[in-house]
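Engineer: My structure is in structure_32.cif, and what it holds is mmCIF, N, CA and C atoms:
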```
data_my_file
loop_
_atom_site.label_atom_id
_atom_site.label_comp_id
_atom_site.auth_asym_id
_atom_site.auth_seq_id
_atom_site.Cartn_x
_atom_site.Cartn_y
_atom_site.Cartn_z
N MET C 19 -25.66 50.84 43.11
CA MET C 19 -24.40 50.84 43.80
C MET C 19 -23.33 51.41 42.89
N LYS C 20 -22.55 52.32 43.45
CA LYS C 20 -21.50 52.99 42.67
C LYS C 20 -20.24 53.10 43.51
N ILE C 21 -19.12 52.81 42.85
CA ILE C 21 -17.85 53.05 43.51
C ILE C 21 -17.52 54.51 43.29
N ASP C 22 -17.35 55.24 44.38
CA ASP C 22 -17.12 56.68 44.29
C ASP C 22 -15.68 57.02 43.96
N SER C 23 -14.73 56.42 44.69
CA SER C 23 -13.33 56.79 44.50
C SER C 23 -12.42 55.79 45.20
N THR C 24 -11.14 55.96 44.98
CA THR C 24 -10.13 55.20 45.69
C THR C 24 -8.90 56.07 45.88
N GLU C 25 -8.19 55.80 46.93
CA GLU C 25 -6.88 56.39 47.15
C GLU C 25 -6.07 55.33 47.87
N PHE C 26 -4.78 55.53 47.99
CA PHE C 26 -3.93 54.52 48.60
C PHE C 26 -4.47 54.13 49.97
N GLY C 27 -4.86 52.87 50.12
CA GLY C 27 -5.31 52.36 51.40
C GLY C 27 -6.80 52.28 51.61
N ASN C 28 -7.61 52.82 50.68
CA ASN C 28 -9.06 52.70 50.86
C ASN C 28 -9.81 52.84 49.55
N ILE C 29 -11.08 52.48 49.62
CA ILE C 29 -11.99 52.61 48.49
C ILE C 29 -13.32 53.09 49.07
N THR C 30 -14.01 53.98 48.36
CA THR C 30 -15.27 54.53 48.83
C THR C 30 -16.39 54.08 47.90
N ILE C 31 -17.41 53.46 48.51
CA ILE C 31 -18.55 52.95 47.76
C ILE C 31 -19.81 53.49 48.41
N ASN C 32 -20.63 54.16 47.61
CA ASN C 32 -21.87 54.76 48.14
C ASN C 32 -21.59 55.54 49.43
N SER C 33 -20.54 56.33 49.40
CA SER C 33 -20.12 57.21 50.50
C SER C 33 -19.58 56.48 51.73
N THR C 34 -19.43 55.18 51.67
CA THR C 34 -18.84 54.41 52.77
C THR C 34 -17.38 54.12 52.42
N ILE C 35 -16.48 54.44 53.34
CA ILE C 35 -15.05 54.21 53.12
C ILE C 35 -14.67 52.84 53.68
N TYR C 36 -14.02 52.03 52.85
CA TYR C 36 -13.52 50.72 53.25
C TYR C 36 -11.99 50.81 53.27
N PRO C 37 -11.37 50.64 54.45
CA PRO C 37 -9.92 50.79 54.57
C PRO C 37 -9.18 49.46 54.34
N HIS C 38 -9.67 48.66 53.39
CA HIS C 38 -9.07 47.36 53.09
C HIS C 38 -9.52 46.91 51.71
N ASP C 39 -8.89 45.88 51.20
CA ASP C 39 -9.31 45.29 49.93
C ASP C 39 -10.73 44.75 50.07
N ILE C 40 -11.48 44.83 48.99
CA ILE C 40 -12.87 44.36 49.02
C ILE C 40 -13.19 43.55 47.77
N PHE C 41 -14.29 42.80 47.86
CA PHE C 41 -14.88 42.24 46.66
C PHE C 41 -16.36 42.56 46.67
N ILE C 42 -16.93 42.59 45.48
CA ILE C 42 -18.33 42.95 45.32
C ILE C 42 -19.05 41.81 44.61
N ARG C 43 -20.10 41.32 45.23
CA ARG C 43 -20.91 40.24 44.68
C ARG C 43 -21.88 40.77 43.62
N LEU C 44 -22.50 39.85 42.88
CA LEU C 44 -23.51 40.24 41.89
C LEU C 44 -24.64 41.04 42.52
N SER C 45 -24.98 40.73 43.75
CA SER C 45 -26.06 41.41 44.45
C SER C 45 -25.69 42.84 44.84
N GLY C 46 -24.39 43.18 44.75
CA GLY C 46 -23.92 44.48 45.20
C GLY C 46 -23.36 44.44 46.61
N GLU C 47 -23.45 43.28 47.27
CA GLU C 47 -22.88 43.13 48.61
C GLU C 47 -21.37 43.36 48.56
N VAL C 48 -20.88 44.16 49.49
CA VAL C 48 -19.45 44.45 49.59
C VAL C 48 -18.91 43.69 50.79
N ALA C 49 -17.80 42.97 50.59
CA ALA C 49 -17.18 42.22 51.68
C ALA C 49 -15.67 42.40 51.64
N LYS C 50 -15.06 42.18 52.78
CA LYS C 50 -13.61 42.26 52.88
C LYS C 50 -12.98 41.09 52.13
N ARG C 51 -11.96 41.40 51.36
CA ARG C 51 -11.24 40.36 50.62
C ARG C 51 -10.54 39.42 51.59
N LYS C 52 -10.54 38.13 51.26
CA LYS C 52 -9.87 37.11 52.08
C LYS C 52 -8.49 36.85 51.47
N LYS C 53 -7.55 37.75 51.76
CA LYS C 53 -6.20 37.68 51.20
C LYS C 53 -5.50 36.37 51.51
N LYS C 54 -5.83 35.79 52.65
CA LYS C 54 -5.14 34.56 53.07
C LYS C 54 -5.34 33.42 52.08
N LEU C 55 -6.39 33.47 51.28
CA LEU C 55 -6.64 32.43 50.28
C LEU C 55 -5.56 32.41 49.20
N SER C 56 -4.89 33.51 49.00
CA SER C 56 -3.78 33.57 48.04
C SER C 56 -2.44 33.61 48.75
N LYS C 57 -2.40 34.30 49.86
CA LYS C 57 -1.14 34.49 50.59
C LYS C 57 -0.51 33.16 51.03
N LYS C 58 -1.34 32.19 51.37
CA LYS C 58 -0.81 30.91 51.83
C LYS C 58 -0.09 30.14 50.72
N TYR C 59 -0.39 30.45 49.47
CA TYR C 59 0.28 29.79 48.34
C TYR C 59 1.51 30.56 47.86
N TYR C 60 1.40 31.87 47.85
CA TYR C 60 2.43 32.69 47.22
C TYR C 60 3.19 33.59 48.19
N GLY C 61 2.75 33.64 49.44
CA GLY C 61 3.41 34.50 50.41
C GLY C 61 3.10 35.97 50.20
N THR C 62 2.18 36.25 49.31
CA THR C 62 1.77 37.62 49.00
C THR C 62 0.31 37.60 48.56
N SER C 63 -0.34 38.73 48.70
CA SER C 63 -1.72 38.85 48.20
C SER C 63 -1.73 39.49 46.81
N HIS C 64 -0.56 39.62 46.21
CA HIS C 64 -0.45 40.24 44.88
C HIS C 64 -0.62 39.26 43.74
N ILE C 65 -0.78 37.97 44.07
CA ILE C 65 -1.07 36.96 43.05
C ILE C 65 -2.34 36.25 43.50
N ILE C 66 -3.36 36.27 42.66
CA ILE C 66 -4.64 35.66 42.99
C ILE C 66 -4.55 34.15 42.73
N SER C 67 -4.77 33.36 43.77
CA SER C 67 -4.71 31.90 43.65
C SER C 67 -6.02 31.35 43.07
N ARG C 68 -5.96 30.11 42.64
CA ARG C 68 -7.18 29.45 42.18
C ARG C 68 -8.20 29.38 43.32
N GLU C 69 -7.73 29.11 44.54
CA GLU C 69 -8.65 29.03 45.67
C GLU C 69 -9.39 30.35 45.88
N GLU C 70 -8.68 31.46 45.78
CA GLU C 70 -9.35 32.76 45.91
C GLU C 70 -10.28 33.00 44.72
N ALA C 71 -9.86 32.58 43.54
CA ALA C 71 -10.72 32.72 42.35
C ALA C 71 -12.03 31.96 42.54
N GLU C 72 -11.94 30.74 43.07
CA GLU C 72 -13.15 29.95 43.33
C GLU C 72 -14.04 30.62 44.36
N PHE C 73 -13.43 31.25 45.34
CA PHE C 73 -14.20 31.95 46.37
C PHE C 73 -14.92 33.18 45.80
N ILE C 74 -14.24 33.92 44.96
CA ILE C 74 -14.79 35.15 44.38
C ILE C 74 -15.88 34.86 43.37
N TYR C 75 -15.67 33.85 42.53
CA TYR C 75 -16.58 33.55 41.43
C TYR C 75 -18.00 33.26 41.93
N GLU C 76 -18.96 33.73 41.16
CA GLU C 76 -20.37 33.43 41.42
C GLU C 76 -21.00 32.89 40.16
N LYS C 77 -21.74 31.82 40.28
CA LYS C 77 -22.44 31.26 39.13
C LYS C 77 -23.31 32.35 38.51
N GLY C 78 -23.19 32.50 37.21
CA GLY C 78 -23.97 33.51 36.51
C GLY C 78 -23.20 34.77 36.17
N CYS C 79 -22.06 34.98 36.82
CA CYS C 79 -21.30 36.19 36.47
C CYS C 79 -20.55 35.93 35.16
N ASN C 80 -20.36 36.98 34.39
CA ASN C 80 -19.61 36.82 33.15
C ASN C 80 -18.43 37.78 33.05
N THR C 81 -18.25 38.63 34.06
CA THR C 81 -17.14 39.57 34.07
C THR C 81 -16.64 39.77 35.49
N LEU C 82 -15.31 39.74 35.63
CA LEU C 82 -14.66 40.12 36.87
C LEU C 82 -13.81 41.33 36.57
N VAL C 83 -14.07 42.42 37.27
CA VAL C 83 -13.20 43.59 37.19
C VAL C 83 -12.26 43.49 38.37
N LEU C 84 -10.97 43.39 38.07
CA LEU C 84 -9.95 43.23 39.10
C LEU C 84 -9.15 44.51 39.20
N GLY C 85 -9.35 45.23 40.30
CA GLY C 85 -8.55 46.42 40.59
C GLY C 85 -7.22 45.95 41.16
N ALA C 86 -6.18 46.09 40.38
CA ALA C 86 -4.88 45.50 40.68
C ALA C 86 -4.00 46.35 41.59
N GLY C 87 -4.60 47.27 42.32
CA GLY C 87 -3.83 48.15 43.20
C GLY C 87 -3.58 49.49 42.55
N GLN C 88 -3.19 50.44 43.35
CA GLN C 88 -3.00 51.80 42.85
C GLN C 88 -1.96 51.86 41.73
N PHE C 89 -0.99 50.93 41.79
CA PHE C 89 0.07 50.91 40.78
C PHE C 89 0.01 49.66 39.91
N GLY C 90 -1.07 48.88 40.02
CA GLY C 90 -1.28 47.72 39.16
C GLY C 90 -0.42 46.52 39.47
N ASN C 91 -0.13 46.25 40.73
CA ASN C 91 0.79 45.17 41.10
C ASN C 91 0.16 43.79 41.25
N VAL C 92 -1.15 43.68 41.25
CA VAL C 92 -1.81 42.38 41.44
C VAL C 92 -2.02 41.70 40.10
N THR C 93 -1.78 40.38 40.08
CA THR C 93 -2.00 39.58 38.88
C THR C 93 -2.76 38.31 39.23
N LEU C 94 -3.28 37.65 38.23
CA LEU C 94 -3.90 36.33 38.41
C LEU C 94 -2.82 35.27 38.24
N SER C 95 -2.88 34.23 39.05
CA SER C 95 -2.01 33.08 38.80
C SER C 95 -2.51 32.39 37.53
N PRO C 96 -1.67 31.62 36.87
CA PRO C 96 -2.16 30.89 35.69
C PRO C 96 -3.36 30.00 36.01
N GLU C 97 -3.37 29.42 37.21
CA GLU C 97 -4.49 28.55 37.60
C GLU C 97 -5.77 29.35 37.80
N ALA C 98 -5.68 30.53 38.35
CA ALA C 98 -6.86 31.38 38.52
C ALA C 98 -7.38 31.85 37.17
N ALA C 99 -6.46 32.23 36.28
CA ALA C 99 -6.86 32.66 34.94
C ALA C 99 -7.58 31.52 34.21
N GLU C 100 -7.05 30.33 34.34
CA GLU C 100 -7.67 29.16 33.71
C GLU C 100 -9.05 28.89 34.30
N PHE C 101 -9.19 29.05 35.61
CA PHE C 101 -10.49 28.86 36.27
C PHE C 101 -11.53 29.81 35.68
N PHE C 102 -11.20 31.09 35.60
CA PHE C 102 -12.17 32.06 35.08
C PHE C 102 -12.48 31.79 33.60
N GLU C 103 -11.47 31.43 32.84
CA GLU C 103 -11.67 31.12 31.42
C GLU C 103 -12.61 29.92 31.28
N HIS C 104 -12.39 28.90 32.09
CA HIS C 104 -13.23 27.69 32.07
C HIS C 104 -14.69 28.03 32.38
N HIS C 105 -14.92 29.06 33.17
CA HIS C 105 -16.28 29.47 33.54
C HIS C 105 -16.80 30.61 32.66
N ASP C 106 -16.12 30.84 31.53
CA ASP C 106 -16.54 31.89 30.59
C ASP C 106 -16.73 33.24 31.27
N CYS C 107 -15.81 33.56 32.15
CA CYS C 107 -15.84 34.84 32.88
C CYS C 107 -14.67 35.69 32.41
N LEU C 108 -14.97 36.76 31.72
CA LEU C 108 -13.96 37.70 31.26
C LEU C 108 -13.35 38.40 32.47
N VAL C 109 -12.02 38.47 32.51
CA VAL C 109 -11.34 39.16 33.60
C VAL C 109 -10.69 40.42 33.04
N ILE C 110 -11.04 41.56 33.60
CA ILE C 110 -10.46 42.84 33.22
C ILE C 110 -9.56 43.28 34.37
N VAL C 111 -8.25 43.30 34.13
CA VAL C 111 -7.28 43.67 35.16
C VAL C 111 -6.74 45.06 34.83
N GLN C 112 -6.92 45.98 35.78
CA GLN C 112 -6.46 47.36 35.61
C GLN C 112 -6.02 47.91 36.96
N PRO C 113 -5.18 48.94 36.96
CA PRO C 113 -4.93 49.62 38.23
C PRO C 113 -6.27 50.03 38.84
N THR C 114 -6.36 49.99 40.14
CA THR C 114 -7.64 50.22 40.82
C THR C 114 -8.34 51.52 40.41
N PRO C 115 -7.64 52.66 40.26
CA PRO C 115 -8.37 53.87 39.84
C PRO C 115 -9.08 53.70 38.49
N ASP C 116 -8.45 52.99 37.56
CA ASP C 116 -9.08 52.73 36.26
C ASP C 116 -10.18 51.68 36.38
N ALA C 117 -9.92 50.67 37.21
CA ALA C 117 -10.87 49.57 37.37
C ALA C 117 -12.20 50.03 37.96
N ILE C 118 -12.16 51.03 38.85
CA ILE C 118 -13.44 51.48 39.40
C ILE C 118 -14.29 52.16 38.32
N GLU C 119 -13.66 52.85 37.40
CA GLU C 119 -14.40 53.43 36.28
C GLU C 119 -14.99 52.34 35.41
N THR C 120 -14.19 51.31 35.12
CA THR C 120 -14.67 50.19 34.31
C THR C 120 -15.81 49.48 35.02
N TYR C 121 -15.67 49.23 36.31
CA TYR C 121 -16.72 48.56 37.07
C TYR C 121 -18.02 49.36 37.00
N ASN C 122 -17.94 50.66 37.24
CA ASN C 122 -19.14 51.49 37.21
C ASN C 122 -19.81 51.48 35.83
N LYS C 123 -19.01 51.41 34.77
CA LYS C 123 -19.57 51.39 33.41
C LYS C 123 -20.18 50.03 33.06
N THR C 124 -19.60 48.94 33.55
CA THR C 124 -20.07 47.61 33.18
C THR C 124 -21.20 47.11 34.07
N LYS C 125 -21.25 47.57 35.31
CA LYS C 125 -22.28 47.11 36.24
C LYS C 125 -23.65 47.46 35.68
N GLY C 126 -24.52 46.47 35.61
CA GLY C 126 -25.86 46.68 35.06
C GLY C 126 -25.94 46.32 33.59
N LYS C 127 -24.81 46.35 32.88
CA LYS C 127 -24.79 45.97 31.47
C LYS C 127 -24.34 44.52 31.32
N THR C 128 -23.54 44.06 32.27
CA THR C 128 -23.10 42.67 32.31
C THR C 128 -23.26 42.18 33.74
N LYS C 129 -23.14 40.89 33.91
CA LYS C 129 -23.20 40.33 35.26
C LYS C 129 -21.79 40.37 35.83
N THR C 130 -21.50 41.48 36.51
CA THR C 130 -20.14 41.82 36.93
C THR C 130 -19.94 41.66 38.43
N ILE C 131 -18.79 41.07 38.76
CA ILE C 131 -18.31 41.04 40.13
C ILE C 131 -17.01 41.84 40.16
N GLY C 132 -16.56 42.22 41.34
CA GLY C 132 -15.35 43.02 41.42
C GLY C 132 -14.46 42.60 42.57
N LEU C 133 -13.17 42.76 42.38
CA LEU C 133 -12.19 42.56 43.43
C LEU C 133 -11.23 43.74 43.33
N PHE C 134 -11.03 44.46 44.44
CA PHE C 134 -10.26 45.69 44.41
C PHE C 134 -9.20 45.70 45.50
N HIS C 135 -7.94 45.76 45.06
CA HIS C 135 -6.79 45.88 45.95
C HIS C 135 -6.56 47.39 46.11
N VAL C 136 -6.39 47.85 47.34
CA VAL C 136 -6.37 49.31 47.56
C VAL C 136 -5.00 49.90 47.89
N THR C 137 -3.98 49.04 47.97
CA THR C 137 -2.64 49.60 48.17
C THR C 137 -1.85 49.38 46.89
N CYS C 138 -0.58 49.14 47.02
CA CYS C 138 0.33 49.08 45.87
C CYS C 138 -0.27 48.41 44.67
#
```
Could you express the structure from this file as structure tokens?
Structural biologist:
Amino acid sequence: MKIDSTEFGNITINSTIYPHDIFIRLSGEVAKRKKKLSKKYYGTSHIISREEAEFIYEKGCNTLVLGAGQFGNVTLSPEAAEFFEHHDCLVIVQPTPDAIETYNKTKGKTKTIGLFHVTC
């Protein structure tokens, strides 16, 4: 599985275009991000809540690549950061265009999951 590209509003994985935020499981399964898990706490999907962190996390993963949007506007809440730290999961936060390169390089070398915001 390879992330091909991203542009404002979508991400392309194995030639399939996803016109929304996505997350990628250890198995390579791609699913639509559940923004409401963070939005209900912060009124925005630009801050990842602990609840969303718990939803994204998979036992056995050791790296989360977080595509923070085309301009890098997404951040982890302190509670989400603490959750990942407690589970010994390194979080790499980068603008989505950079994050897809990082994800492609780390996938297969580490047990990596991904979350990619495709707009701002």
Engineer: Enumerate, as a tab-separated table (two decimals) with N, CA and C atoms, keeping the file's coordinate frame, the residues matched when the PyMOL selection byres (((chain C and resi 26-33 and name CA) around 12) and name CA) is run on the file above.
Structural biologist:
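Listing of selection_6.tsv after writing:
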```tsv
chain	number	residue	atom	x	y	z
C	19	MET	N	-25.66	50.84	43.11
C	19	MET	CA	-24.40	50.84	43.80
C	19	MET	C	-23.33	51.41	42.89
C	20	LYS	N	-22.55	52.32	43.45
C	20	LYS	CA	-21.50	52.99	42.67
C	20	LYS	C	-20.24	53.10	43.51
C	21	ILE	N	-19.12	52.81	42.85
C	21	ILE	CA	-17.85	53.05	43.51
C	21	ILE	C	-17.52	54.51	43.29
C	22	ASP	N	-17.35	55.24	44.38
C	22	ASP	CA	-17.12	56.68	44.29
C	22	ASP	C	-15.68	57.02	43.96
C	23	SER	N	-14.73	56.42	44.69
C	23	SER	CA	-13.33	56.79	44.50
C	23	SER	C	-12.42	55.79	45.20
C	24	THR	N	-11.14	55.96	44.98
C	24	THR	CA	-10.13	55.20	45.69
C	24	THR	C	-8.90	56.07	45.88
C	25	GLU	N	-8.19	55.80	46.93
C	25	GLU	CA	-6.88	56.39	47.15
C	25	GLU	C	-6.07	55.33	47.87
C	34	THR	N	-19.43	55.18	51.67
C	34	THR	CA	-18.84	54.41	52.77
C	34	THR	C	-17.38	54.12	52.42
C	35	ILE	N	-16.48	54.44	53.34
C	35	ILE	CA	-15.05	54.21	53.12
C	35	ILE	C	-14.67	52.84	53.68
C	36	TYR	N	-14.02	52.03	52.85
C	36	TYR	CA	-13.52	50.72	53.25
C	36	TYR	C	-11.99	50.81	53.27
C	37	PRO	N	-11.37	50.64	54.45
C	37	PRO	CA	-9.92	50.79	54.57
C	37	PRO	C	-9.18	49.46	54.34
C	38	HIS	N	-9.67	48.66	53.39
C	38	HIS	CA	-9.07	47.36	53.09
C	38	HIS	C	-9.52	46.91	51.71
C	39	ASP	N	-8.89	45.88	51.20
C	39	ASP	CA	-9.31	45.29	49.93
C	39	ASP	C	-10.73	44.75	50.07
C	40	ILE	N	-11.48	44.83	48.99
C	40	ILE	CA	-12.87	44.36	49.02
C	40	ILE	C	-13.19	43.55	47.77
C	41	PHE	N	-14.29	42.80	47.86
C	41	PHE	CA	-14.88	42.24	46.66
C	41	PHE	C	-16.36	42.56	46.67
C	42	ILE	N	-16.93	42.59	45.48
C	42	ILE	CA	-18.33	42.95	45.32
C	42	ILE	C	-19.05	41.81	44.61
C	46	GLY	N	-24.39	43.18	44.75
C	46	GLY	CA	-23.92	44.48	45.20
C	46	GLY	C	-23.36	44.44	46.61
C	47	GLU	N	-23.45	43.28	47.27
C	47	GLU	CA	-22.88	43.13	48.61
C	47	GLU	C	-21.37	43.36	48.56
C	48	VAL	N	-20.88	44.16	49.49
C	48	VAL	CA	-19.45	44.45	49.59
C	48	VAL	C	-18.91	43.69	50.79
C	49	ALA	N	-17.80	42.97	50.59
C	49	ALA	CA	-17.18	42.22	51.68
C	49	ALA	C	-15.67	42.40	51.64
C	50	LYS	N	-15.06	42.18	52.78
C	50	LYS	CA	-13.61	42.26	52.88
C	50	LYS	C	-12.98	41.09	52.13
C	85	GLY	N	-9.35	45.23	40.30
C	85	GLY	CA	-8.55	46.42	40.59
C	85	GLY	C	-7.22	45.95	41.16
C	87	GLY	N	-4.60	47.27	42.32
C	87	GLY	CA	-3.83	48.15	43.20
C	87	GLY	C	-3.58	49.49	42.55
C	88	GLN	N	-3.19	50.44	43.35
C	88	GLN	CA	-3.00	51.80	42.85
C	88	GLN	C	-1.96	51.86	41.73
C	89	PHE	N	-0.99	50.93	41.79
C	89	PHE	CA	0.07	50.91	40.78
C	89	PHE	C	0.01	49.66	39.91
C	90	GLY	N	-1.07	48.88	40.02
C	90	GLY	CA	-1.28	47.72	39.16
C	90	GLY	C	-0.42	46.52	39.47
C	113	PRO	N	-5.18	48.94	36.96
C	113	PRO	CA	-4.93	49.62	38.23
C	113	PRO	C	-6.27	50.03	38.84
C	114	THR	N	-6.36	49.99	40.14
C	114	THR	CA	-7.64	50.22	40.82
C	114	THR	C	-8.34	51.52	40.41
C	115	PRO	N	-7.64	52.66	40.26
C	115	PRO	CA	-8.37	53.87	39.84
C	115	PRO	C	-9.08	53.70	38.49
C	117	ALA	N	-9.92	50.67	37.21
C	117	ALA	CA	-10.87	49.57	37.37
C	117	ALA	C	-12.20	50.03	37.96
C	118	ILE	N	-12.16	51.03	38.85
C	118	ILE	CA	-13.44	51.48	39.40
C	118	ILE	C	-14.29	52.16	38.32
C	121	TYR	N	-15.67	49.23	36.31
C	121	TYR	CA	-16.72	48.56	37.07
C	121	TYR	C	-18.02	49.36	37.00
C	122	ASN	N	-17.94	50.66	37.24
C	122	ASN	CA	-19.14	51.49	37.21
C	122	ASN	C	-19.81	51.48	35.83
C	133	LEU	N	-13.17	42.76	42.38
C	133	LEU	CA	-12.19	42.56	43.43
C	133	LEU	C	-11.23	43.74	43.33
C	134	PHE	N	-11.03	44.46	44.44
C	134	PHE	CA	-10.26	45.69	44.41
C	134	PHE	C	-9.20	45.70	45.50
C	135	HIS	N	-7.94	45.76	45.06
C	135	HIS	CA	-6.79	45.88	45.95
C	135	HIS	C	-6.56	47.39	46.11
C	136	VAL	N	-6.39	47.85	47.34
C	136	VAL	CA	-6.37	49.31	47.56
C	136	VAL	C	-5.00	49.90	47.89
C	137	THR	N	-3.98	49.04	47.97
C	137	THR	CA	-2.64	49.60	48.17
C	137	THR	C	-1.85	49.38	46.89
C	138	CYS	N	-0.58	49.14	47.02
C	138	CYS	CA	0.33	49.08	45.87
C	138	CYS	C	-0.27	48.41	44.67
```
Engineer: Excluding Asn80 in chain C and its own-chain neighbours fewer than 3 positions away, which residues fall within 5 Å of it when counting all atoms listed in the file? Please give them as a VMD selection string.
Structural biologist: chain C and resid 106 to 108 129
Engineer: If you run DSSP over the backbone, which residues in range 41-137 of chain C end up helix (DSSP H, G or I)? Put them as a count of residues only.
Structural biologist: 34
Engineer: Extract, using all atoms listed in the file, all DNA, RNA and protein residues at most 6 Å from Val111 in chain C, discarding same-chain residues fewer than 4 positions from it, and format them as a PDB file with N, CA and C atoms, in the frame of the given file.
Structural biologist:
```pdb
ATOM      1  N   VAL C  83     -14.070  42.420  37.270  1.00  0.00           N
ATOM      2  CA  VAL C  83     -13.200  43.590  37.190  1.00  0.00           C
ATOM      3  C   VAL C  83     -12.260  43.490  38.370  1.00  0.00           C
ATOM      4  N   LEU C  84     -10.970  43.390  38.070  1.00  0.00           N
ATOM      5  CA  LEU C  84      -9.950  43.230  39.100  1.00  0.00           C
ATOM      6  C   LEU C  84      -9.150  44.510  39.200  1.00  0.00           C
ATOM      7  N   GLY C  85      -9.350  45.230  40.300  1.00  0.00           N
ATOM      8  CA  GLY C  85      -8.550  46.420  40.590  1.00  0.00           C
ATOM      9  C   GLY C  85      -7.220  45.950  41.160  1.00  0.00           C
ATOM     10  N   ALA C  86      -6.180  46.090  40.380  1.00  0.00           N
ATOM     11  CA  ALA C  86      -4.880  45.500  40.680  1.00  0.00           C
ATOM     12  C   ALA C  86      -4.000  46.350  41.590  1.00  0.00           C
TER      13      ALA C  86
END
```
Engineer: Would you give me, as JSON, numbers by chain, the residues in chain C that DSSP reads as strand (DSSP E or B)?
Structural biologist: {"C": [21, 22, 23, 24, 25, 28, 29, 30, 31, 34, 35, 36, 40, 41, 42, 48, 49, 50, 65, 66, 81, 82, 83, 84, 85, 86, 93, 94, 108, 109, 110, 111, 112, 125, 128, 130, 131, 132, 133, 134, 135]}
Engineer: Can you work out the spacing between CA of Lys127 in chain C and atom N of Leu82 in chain C in Å, to one decimal?
Structural biologist: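 We find that CA of Lys127 in chain C and atom N of Leu82 in chain C lie 12.1 Å from each other.
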